[in-house]
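To keep things clear, I will list the structure first and then write my remarks on it.
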Amino acid sequence: MEGVCYHFVVPDSLNDAFINAKRPFQFLANLYAINDRDVMSKLPLFKDASASAYQIMSYFLLDESMAKRTNLIPSDDGQIQDVYEFFREELVKFIKEEIYDGNSSLYQNSSLYNVVRDYLTRDAVKGLFMPKIYGKTLRSTSEDLSQTLFQEA
């Protein structure tokens with residue numbers, strides 16, 4: 001296929017999806033492969049399973065709610081779930097309760113909670129929870145989190 005140039009036009013309906021894709025050229029390659037069965041038969045398969053450890057845990061622990069949150073089984077509403085967004089929401093709730101629990105001086109200053117909430121993005125929380133499940137040390141996890149927070153600041 002060396003020296004061969006393919007002309008492939010992205011339909012207007014897919015322009016936004018292509019432009020906003022995390023990996024636009026991979027997206028385009030998959031569109032091309034879908035339209036050309038010969039190319040599709042040579043395209044390697046790739047499946048992201050970043051929550052696979054949580055899927056395995058939910059399976060062995062027979063935890064139906066975690067199985068739904070990791071898309072191991074369909075959720076009640078049929079929507080794709082994001083386990084790291086769930087972790088983020090729960091962590092923010094936990095931190096809010098811990099900050100305000102019986103500590104009136106912190107309760108008076110809600111800016112501490114707002115700062116914590118704003119910096120705990122989905123990616124920051126994923127950086128906390130995903131490595132820990134695979135045995136990453138507390139020190140290296142804290143260094144990664146520190147880098148994430150300073151990059152976003």
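How things are named: the first chain in the structure tokens is A, the next is B, and so on; residues count from 1 in each chain; ligands count from 1 in the order shown.
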Residues within 8 Å of stretch 120-137 of chain A, only C-alpha atoms, excluding chain neighbours under 4 positions, as a list in words: Ser50, Ala51, Ala53, Tyr84, Glu85, Phe87, Arg88, Val92, Val116, Thr141, Ser142, Asp144, Leu145, Thr148 and Leu149 of chain A
The selected residues should be written to file as an mmCIF file, in the first residue's frame (atoms: N, CA and C atoms).
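Here's the written file selection_3.cif:
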data_model
loop_
_atom_site.group_PDB
_atom_site.id
_atom_site.type_symbol
_atom_site.label_atom_id
_atom_site.label_comp_id
_atom_site.auth_asym_id
_atom_site.auth_seq_id
_atom_site.Cartn_x
_atom_site.Cartn_y
_atom_site.Cartn_z
ATOM 1 N N SER A 50 -10.147 -0.057 30.987
ATOM 2 C CA SER A 50 -9.448 0.577 32.098
ATOM 3 C C SER A 50 -10.062 0.219 33.452
ATOM 4 N N ALA A 51 -11.295 -0.230 33.461
ATOM 5 C CA ALA A 51 -11.938 -0.610 34.719
ATOM 6 C C ALA A 51 -12.013 -2.126 34.863
ATOM 7 N N ALA A 53 -10.141 -4.347 36.288
ATOM 8 C CA ALA A 53 -9.912 -4.887 37.633
ATOM 9 C C ALA A 53 -11.172 -4.754 38.475
ATOM 10 N N TYR A 84 -15.247 5.839 37.174
ATOM 11 C CA TYR A 84 -14.388 6.866 37.759
ATOM 12 C C TYR A 84 -15.162 8.147 38.065
ATOM 13 N N GLU A 85 -16.169 8.447 37.273
ATOM 14 C CA GLU A 85 -17.041 9.584 37.595
ATOM 15 C C GLU A 85 -17.857 9.267 38.852
ATOM 16 N N PHE A 87 -16.805 7.290 41.282
ATOM 17 C CA PHE A 87 -15.837 7.430 42.374
ATOM 18 C C PHE A 87 -15.632 8.908 42.730
ATOM 19 N N ARG A 88 -15.559 9.756 41.715
ATOM 20 C CA ARG A 88 -15.367 11.186 41.951
ATOM 21 C C ARG A 88 -16.526 11.768 42.761
ATOM 22 N N VAL A 92 -16.121 13.277 46.518
ATOM 23 C CA VAL A 92 -16.488 14.657 46.825
ATOM 24 C C VAL A 92 -17.494 14.692 47.974
ATOM 25 N N VAL A 116 -11.348 21.910 46.779
ATOM 26 C CA VAL A 116 -11.171 20.458 46.683
ATOM 27 C C VAL A 116 -12.072 19.893 45.596
ATOM 28 N N THR A 141 1.669 7.252 43.781
ATOM 29 C CA THR A 141 0.318 7.729 43.501
ATOM 30 C C THR A 141 0.188 9.195 43.900
ATOM 31 N N SER A 142 0.738 9.565 45.070
ATOM 32 C CA SER A 142 0.650 10.963 45.508
ATOM 33 C C SER A 142 1.462 11.869 44.591
ATOM 34 N N ASP A 144 1.960 11.356 41.342
ATOM 35 C CA ASP A 144 1.155 11.488 40.126
ATOM 36 C C ASP A 144 0.004 12.458 40.333
ATOM 37 N N LEU A 145 -0.661 12.360 41.482
ATOM 38 C CA LEU A 145 -1.778 13.252 41.781
ATOM 39 C C LEU A 145 -1.294 14.693 41.870
ATOM 40 N N THR A 148 -0.802 16.007 38.426
ATOM 41 C CA THR A 148 -2.094 16.250 37.792
ATOM 42 C C THR A 148 -2.694 17.554 38.291
ATOM 43 N N LEU A 149 -2.663 17.774 39.597
ATOM 44 C CA LEU A 149 -3.255 18.976 40.168
ATOM 45 C C LEU A 149 -2.500 20.230 39.747
#
Counting only C-alpha atoms, what is within 8 Å of A:Tyr113, bar same-chain residues fewer than 6 positions away, as a list in words? Ile95, Lys96 and Ile99 of chain A
My list of candidates is A:Ser52, A:Phe86, A:Asn20, A:Arg139. Which is closest to A:Ser65 when distances are computed with only C-alpha atoms?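 With only C-alpha atoms as the atom set, the closest residue is A:Phe86.
Atom CA of A:Val83 sits 19.2 Å away from atom CA of A:Lys22.
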